[in-house]
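First up is the structure itself, then whatever we jot down about it.
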Protein chains: 2
Amino acid sequence: MSYAVSMSTVASRREQYSQATRAALLAAATRRFAEQGFAGTALEDIAADIQATRGAIYHHFANKTALFQAVFEELEHDALEQSAAAAARGKDPWEAAFLALDVFLERCCDPVYGKIVWQEGPIAFGWPQWLAAEEALAYGFIQRLLSDLMETGQLERQPLQTTTRLVFGMLNAAGMTLADAPEPAKPQLKTEYLTMIGRMASALRPQPSPAFE
Amino acid sequence: MSYAVSMSTVASRREQYSQATRAALLAAATRRFAEQGFAGTALEDIAADIQATRGAIYHHFANKTALFQAVFEELEHDALEQSAAAAARGKDPWEAAFLALDVFLERCCDPVYGKIVWQEGPIAFGWPQWLAAEEALAYGFIQRLLSDLMETGQLERQPLQTTTRLVFGMLNAAGMTLADAPEPAKPQLKTEYLTMIGRMASALRPQPSPAFE
DNA sequence: TCTGTCACATACACAATGTATGTCCTATGC
DNA sequence: GCATAGGACATACATTGTGTATGTGACAGA
C-alpha cells in the first residue's frame, strides 16, 4: 500500500492498531448487545470475539455501561443525522416532520438500531438517564420540530413537554415493534405506523378545516 | 407470643406464618424495587428488611425475576381492576375509555406503581417478555377497548395491533413521566396528558369529511 | 541502544445469584 | 403423649460476572 496518511496528525503505528481494536470492540459489542441484550452479554465474550481479553475493553472504556454508551451514541448519532438531513429537505415544518418520521421508521427496520437504542437503551442506562441522554438526541430533535410547528402557528400551542413526550412515546412504540417484527412484515407495518402517527399528530393542527389543505 | 384467635377456617398456624412472611417479602421487595430499581436491589437487602435470609426468598419464589413478577402482577392487577371498574361506569365505549384513562393516569401518580410497572418492568423482564406479560393486562385491556370502539363504528377501522401499540406507547410515556415527576407538578401534568391523549385518540374518530394529502 | 510509555494481558478482590444441604418446628397418625 | 414426616426456613457452597491492581512486551523517541 501507499503512504496513506489520511488522519490529520500522523497516526503512529501503535495508534492505528489501538484504534483498530477499539473499532473492533465497538463492532463486536454492537452485535452482542443487539443479539443478547445488555445484561445478557458478558464482557468476556465481546473480548473473545476480538481474540482479546477484558483488559482491552477496560483500557478503552471505563466500564460496561460506558462501552454500551459508545455503541448507543454511534448508532443514534447516525440515525439522527439521516433524519435531520431528511427534515432539511422539507419545504415547510410539517413536511419536514413527516420526512424525518419516514426516515426514522425506515431506520428502525434495522433490528440492530431498534434493539439497542429503543429496547436495550433504557435497560442499560435506566429509564431516567436514557431519557436524559435522548434529550440531546432524538428527543431533543422531536422537541425542536414540534417547537417550530408551534412557533409558526401550524400546531396548536399545547404544552411542549407533554406533546413531545407523547410523540416520543409513539415513536418508541413504533421503533420497538419494528425492531421485533419479522422481516417480511416490516414494510407493511412501517406504512401503518407512518399513517397512524401522521393522523394522530394532525389532530393537533390548529383548525382541522379539512376542506383546505 | 399469645394464642392468637384462629382466623379463617383452614389456615393452620404454620400456613399463617408462612403467608405472613411471604406478604412481608412482597412488601419489602416492592419498596426496594421502587426505590433502587430491579438491578440495584440485592435479595440480601430485601431479606434483611424482614429479618430473614435469602433462603426465605428462595423458598417462596423461584428466583429474583419471579419475585419481581409477583410484585409486578399484584400492582398491575389492582390497577387494572380499578380501570375496568371505571370503564364499566361509562355509558358508551368512548366514555368508558376516557374514564379508564383518567383512573390510569391517577394511578400512575403513585410513584411505586409507575416505577415498577412502567419503568422497571421492561428492565426486569426484558422488553419483549414485558410486552407479553402486558398482553394479559393493561395492553390487552386497551386492545379490547379499542376493539369495542371499532366494532361499534365509533373508531375508524384501523389496524388494531398498530393502533393499540401507539396508544400503549402514549400511556407508557405518560406513566413514566408521572412516575418521575415531582409531587406538586403531578395534578397539572395529569390533566395535560388527559387532554392531549384524548385529542390524539379523537383524531381516529370517523370524520364526515376526511382530509387527505 | 537504551528507556519510558502505551496497549494490552494476567491475577486478584468482591458482589450477587442460585443451589445443595442442614435444622427446627409444627401437624398428624398411632 | 410420642414418634415421624414434611414444610419453612437458615447455612454453606459453587459459580459467574464486574471492576481493579499489577505485570509485560512492543514501539517511539533520544
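FYI, nothing fancy with the C-alpha cells labels: chains A, B, ... in order, residues from 1 per chain, ligands from 1 as they appear.
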Write out as a Markdown table a residue-level contact list of chain A versus chain D with cut-off 12 Å: for each qualifying residue the closest pair of atoms and the distance in Å to one decimal, counting only C-alpha atoms (C1' of nucleotides), rows sorted by chain and residue number upward.
```
| residue | atom | partner | partner_atom | distance |
| --- | --- | --- | --- | --- |
| A:Ser12 | CA | D:DA28 | C1' | 8.7 |
| A:Arg13 | CA | D:DC27 | C1' | 8.1 |
| A:Arg14 | CA | D:DC27 | C1' | 6.9 |
| A:Glu15 | CA | D:DC27 | C1' | 10.3 |
| A:Tyr17 | CA | D:DC27 | C1' | 11.3 |
| A:Ala39 | CA | D:DG17 | C1' | 10.3 |
| A:Gly40 | CA | D:DG17 | C1' | 10.6 |
| A:Thr41 | CA | D:DG17 | C1' | 9.9 |
| A:Ala42 | CA | D:DG17 | C1' | 7.1 |
| A:Leu43 | CA | D:DG17 | C1' | 8.5 |
| A:Glu44 | CA | D:DG17 | C1' | 8.9 |
| A:Asp45 | CA | D:DG17 | C1' | 11.3 |
| A:Arg54 | CA | D:DT18 | C1' | 10.3 |
| A:Gly55 | CA | D:DG19 | C1' | 10.6 |
| A:Ile57 | CA | D:DG19 | C1' | 11.6 |
| A:Tyr58 | CA | D:DG19 | C1' | 8.8 |
| A:His59 | CA | D:DT20 | C1' | 11.7 |
| A:Phe61 | CA | D:DG19 | C1' | 11.9 |
| A:Ala62 | CA | D:DG19 | C1' | 9.5 |
| A:Asn63 | CA | D:DG19 | C1' | 7.8 |
| A:Lys64 | CA | D:DT18 | C1' | 8.3 |
| A:Thr65 | CA | D:DT18 | C1' | 11.1 |
```
Contact residues (chain A, partner chain B, 9 Å, only C-alpha atoms) as a VMD selection string: chain A and resid 37 119 to 120 122 to 124 126 to 128 158 to 159 162 to 163 165 to 174 176 to 177 180 189 192 to 193 196 to 197 199 to 204 208 to 213
Dump C-alpha atoms for the selected residues as a PDB file, in the first residue's frame?
```pdb
ATOM      1  CA  GLY A  37     -29.143  -7.709  25.284  1.00  0.00           C
ATOM      2  CA  GLN A 119     -35.095  -1.582  23.715  1.00  0.00           C
ATOM      3  CA  GLU A 120     -31.776  -2.007  25.461  1.00  0.00           C
ATOM      4  CA  PRO A 122     -33.494   2.170  28.849  1.00  0.00           C
ATOM      5  CA  ILE A 123     -32.397  -1.155  30.304  1.00  0.00           C
ATOM      6  CA  ALA A 124     -28.715  -0.344  30.246  1.00  0.00           C
ATOM      7  CA  GLY A 126     -32.136   3.115  33.426  1.00  0.00           C
ATOM      8  CA  TRP A 127     -35.095   4.983  32.057  1.00  0.00           C
ATOM      9  CA  PRO A 128     -34.454   8.444  33.521  1.00  0.00           C
ATOM     10  CA  GLN A 158     -50.002  22.934  23.654  1.00  0.00           C
ATOM     11  CA  PRO A 159     -47.590  22.240  26.487  1.00  0.00           C
ATOM     12  CA  THR A 162     -46.170  16.913  27.224  1.00  0.00           C
ATOM     13  CA  THR A 163     -46.634  16.914  23.477  1.00  0.00           C
ATOM     14  CA  ARG A 165     -43.261  13.051  25.386  1.00  0.00           C
ATOM     15  CA  LEU A 166     -46.387  11.690  23.783  1.00  0.00           C
ATOM     16  CA  VAL A 167     -44.928  11.803  20.308  1.00  0.00           C
ATOM     17  CA  PHE A 168     -41.750  10.315  21.683  1.00  0.00           C
ATOM     18  CA  GLY A 169     -43.809   7.561  23.256  1.00  0.00           C
ATOM     19  CA  MET A 170     -45.438   6.760  19.941  1.00  0.00           C
ATOM     20  CA  LEU A 171     -42.107   6.652  18.144  1.00  0.00           C
ATOM     21  CA  ASN A 172     -40.859   4.457  20.941  1.00  0.00           C
ATOM     22  CA  ALA A 173     -43.665   2.001  20.371  1.00  0.00           C
ATOM     23  CA  ALA A 174     -43.133   2.067  16.641  1.00  0.00           C
ATOM     24  CA  MET A 176     -39.696  -1.365  19.347  1.00  0.00           C
ATOM     25  CA  THR A 177     -42.330  -3.049  17.274  1.00  0.00           C
ATOM     26  CA  ASP A 180     -39.022  -7.015  16.853  1.00  0.00           C
ATOM     27  CA  LEU A 189     -46.009  -2.234   9.456  1.00  0.00           C
ATOM     28  CA  GLU A 192     -49.185   1.602   9.004  1.00  0.00           C
ATOM     29  CA  TYR A 193     -47.203   3.446  11.630  1.00  0.00           C
ATOM     30  CA  MET A 196     -51.341   6.450  12.036  1.00  0.00           C
ATOM     31  CA  ILE A 197     -48.736   8.660  13.648  1.00  0.00           C
ATOM     32  CA  ARG A 199     -53.129  11.089  11.703  1.00  0.00           C
ATOM     33  CA  MET A 200     -52.668  11.469  15.415  1.00  0.00           C
ATOM     34  CA  ALA A 201     -50.220  14.314  15.102  1.00  0.00           C
ATOM     35  CA  SER A 202     -52.516  16.080  12.666  1.00  0.00           C
ATOM     36  CA  ALA A 203     -55.131  16.128  15.384  1.00  0.00           C
ATOM     37  CA  LEU A 204     -53.105  18.902  16.935  1.00  0.00           C
ATOM     38  CA  PRO A 208     -58.546  20.911  11.089  1.00  0.00           C
ATOM     39  CA  SER A 209     -60.507  22.707   8.302  1.00  0.00           C
ATOM     40  CA  PRO A 210     -60.438  19.610   6.145  1.00  0.00           C
ATOM     41  CA  ALA A 211     -61.811  21.342   3.085  1.00  0.00           C
ATOM     42  CA  PHE A 212     -58.492  23.045   2.588  1.00  0.00           C
ATOM     43  CA  GLU A 213     -55.003  21.680   2.663  1.00  0.00           C
TER      44      GLU A 213
END
```
For Gln154 in chain B: contacts at 9 Å, only C-alpha atoms (C1' of nucleotides), fewer than 4 positions along chain excluded, given as a list of chain:residue names: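 Once the nearby chain positions are removed, what remains is B:Pro93, B:Trp94, B:Asp148, B:Leu149, B:Met150, B:Leu204, B:Arg205, B:Pro206.
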Chain C residues near chain B (12 Å cut-off, only C-alpha atoms (C1' of nucleotides)) as a ChimeraX atom specification: /C:15-21,25-27
Per-residue DSSP, range 7-72 of chain B, filtered to helix (DSSP H, G or I), as a PyMOL selection string: chain B and resi 13-36+43-49+54-60+64-72
Given the selection you just returned, output its residues as a file containing N, CA and C atoms, formatted as a compact mmCIF listing (two decimals), in the first residue's frame.
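Written output follows (out_28.txt):
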```txt
# COMPACT_ATOMS: atom_id res chain seq x y z
N ARG B 13 -51.58 -22.85 61.71
CA ARG B 13 -50.63 -21.88 62.26
C ARG B 13 -49.43 -21.71 61.35
N ARG B 14 -48.88 -22.80 60.89
CA ARG B 14 -47.71 -22.72 60.03
C ARG B 14 -48.01 -21.97 58.74
N GLU B 15 -49.16 -22.27 58.18
CA GLU B 15 -49.54 -21.56 56.94
C GLU B 15 -49.66 -20.07 57.18
N GLN B 16 -50.24 -19.71 58.31
CA GLN B 16 -50.38 -18.29 58.61
C GLN B 16 -49.02 -17.61 58.65
N TYR B 17 -48.10 -18.21 59.39
CA TYR B 17 -46.76 -17.64 59.47
C TYR B 17 -46.14 -17.55 58.08
N SER B 18 -46.28 -18.60 57.34
CA SER B 18 -45.69 -18.64 56.01
C SER B 18 -46.24 -17.54 55.12
N GLN B 19 -47.55 -17.43 55.14
CA GLN B 19 -48.17 -16.39 54.31
C GLN B 19 -47.78 -15.00 54.79
N ALA B 20 -47.60 -14.86 56.09
CA ALA B 20 -47.20 -13.56 56.63
C ALA B 20 -45.82 -13.18 56.12
N THR B 21 -44.88 -14.11 56.17
CA THR B 21 -43.54 -13.77 55.68
C THR B 21 -43.57 -13.53 54.18
N ARG B 22 -44.37 -14.31 53.48
CA ARG B 22 -44.46 -14.09 52.04
C ARG B 22 -44.98 -12.70 51.74
N ALA B 23 -46.01 -12.30 52.46
CA ALA B 23 -46.55 -10.96 52.25
C ALA B 23 -45.53 -9.89 52.63
N ALA B 24 -44.81 -10.14 53.71
CA ALA B 24 -43.79 -9.17 54.14
C ALA B 24 -42.69 -9.07 53.09
N LEU B 25 -42.32 -10.19 52.54
CA LEU B 25 -41.31 -10.18 51.48
C LEU B 25 -41.79 -9.36 50.28
N LEU B 26 -43.03 -9.57 49.92
CA LEU B 26 -43.58 -8.81 48.79
C LEU B 26 -43.56 -7.32 49.08
N ALA B 27 -43.94 -6.97 50.31
CA ALA B 27 -43.97 -5.55 50.66
C ALA B 27 -42.57 -4.96 50.62
N ALA B 28 -41.62 -5.66 51.22
CA ALA B 28 -40.24 -5.16 51.24
C ALA B 28 -39.69 -5.07 49.82
N ALA B 29 -39.95 -6.10 49.04
CA ALA B 29 -39.46 -6.11 47.66
C ALA B 29 -40.06 -4.95 46.88
N THR B 30 -41.33 -4.70 47.10
CA THR B 30 -41.98 -3.60 46.40
C THR B 30 -41.26 -2.29 46.69
N ARG B 31 -41.00 -2.05 47.96
CA ARG B 31 -40.32 -0.81 48.33
C ARG B 31 -38.93 -0.73 47.72
N ARG B 32 -38.18 -1.80 47.86
CA ARG B 32 -36.80 -1.78 47.36
C ARG B 32 -36.76 -1.61 45.84
N PHE B 33 -37.57 -2.37 45.14
CA PHE B 33 -37.57 -2.28 43.68
C PHE B 33 -37.98 -0.90 43.22
N ALA B 34 -38.93 -0.31 43.92
CA ALA B 34 -39.38 1.03 43.52
C ALA B 34 -38.31 2.07 43.78
N GLU B 35 -37.57 1.89 44.87
CA GLU B 35 -36.60 2.93 45.25
C GLU B 35 -35.27 2.74 44.56
N GLN B 36 -34.84 1.49 44.43
CA GLN B 36 -33.49 1.25 43.91
C GLN B 36 -33.49 0.57 42.56
N LEU B 43 -31.09 -9.23 46.79
CA LEU B 43 -32.04 -10.03 47.55
C LEU B 43 -31.69 -10.04 49.03
N GLU B 44 -30.42 -9.99 49.32
CA GLU B 44 -29.97 -9.96 50.71
C GLU B 44 -30.63 -8.80 51.47
N ASP B 45 -30.70 -7.65 50.82
CA ASP B 45 -31.27 -6.47 51.48
C ASP B 45 -32.76 -6.66 51.75
N ILE B 46 -33.45 -7.22 50.77
CA ILE B 46 -34.89 -7.47 50.95
C ILE B 46 -35.09 -8.40 52.13
N ALA B 47 -34.30 -9.46 52.17
CA ALA B 47 -34.43 -10.42 53.27
C ALA B 47 -34.13 -9.74 54.60
N ALA B 48 -33.10 -8.90 54.60
CA ALA B 48 -32.72 -8.24 55.86
C ALA B 48 -33.85 -7.34 56.35
N ASP B 49 -34.57 -6.72 55.43
CA ASP B 49 -35.70 -5.86 55.83
C ASP B 49 -36.70 -6.65 56.66
N ARG B 54 -31.87 -14.89 52.60
CA ARG B 54 -32.28 -15.16 51.23
C ARG B 54 -32.95 -16.51 51.10
N GLY B 55 -32.66 -17.40 52.02
CA GLY B 55 -33.31 -18.69 52.00
C GLY B 55 -34.82 -18.56 51.99
N ALA B 56 -35.33 -17.62 52.75
CA ALA B 56 -36.79 -17.41 52.78
C ALA B 56 -37.30 -17.01 51.40
N ILE B 57 -36.56 -16.14 50.75
CA ILE B 57 -36.99 -15.70 49.42
C ILE B 57 -37.01 -16.87 48.45
N TYR B 58 -35.92 -17.63 48.46
CA TYR B 58 -35.84 -18.73 47.50
C TYR B 58 -36.79 -19.87 47.86
N HIS B 59 -37.30 -19.85 49.07
CA HIS B 59 -38.33 -20.83 49.39
C HIS B 59 -39.67 -20.43 48.77
N HIS B 60 -39.95 -19.14 48.79
CA HIS B 60 -41.25 -18.67 48.30
C HIS B 60 -41.26 -18.37 46.80
N LYS B 64 -35.04 -14.30 41.44
CA LYS B 64 -35.24 -12.86 41.59
C LYS B 64 -36.34 -12.37 40.66
N THR B 65 -36.31 -12.82 39.43
CA THR B 65 -37.31 -12.38 38.46
C THR B 65 -38.72 -12.78 38.89
N ALA B 66 -38.85 -13.98 39.44
CA ALA B 66 -40.17 -14.43 39.88
C ALA B 66 -40.68 -13.55 41.02
N LEU B 67 -39.80 -13.16 41.89
CA LEU B 67 -40.20 -12.25 42.97
C LEU B 67 -40.69 -10.93 42.39
N PHE B 68 -39.91 -10.40 41.46
CA PHE B 68 -40.34 -9.15 40.83
C PHE B 68 -41.68 -9.34 40.14
N GLN B 69 -41.83 -10.45 39.49
CA GLN B 69 -43.08 -10.69 38.76
C GLN B 69 -44.28 -10.69 39.71
N ALA B 70 -44.09 -11.27 40.88
CA ALA B 70 -45.19 -11.28 41.86
C ALA B 70 -45.55 -9.85 42.26
N VAL B 71 -44.53 -9.05 42.52
CA VAL B 71 -44.77 -7.65 42.86
C VAL B 71 -45.48 -6.96 41.71
N PHE B 72 -44.94 -7.14 40.55
CA PHE B 72 -45.48 -6.51 39.33
C PHE B 72 -46.94 -6.87 39.13
```
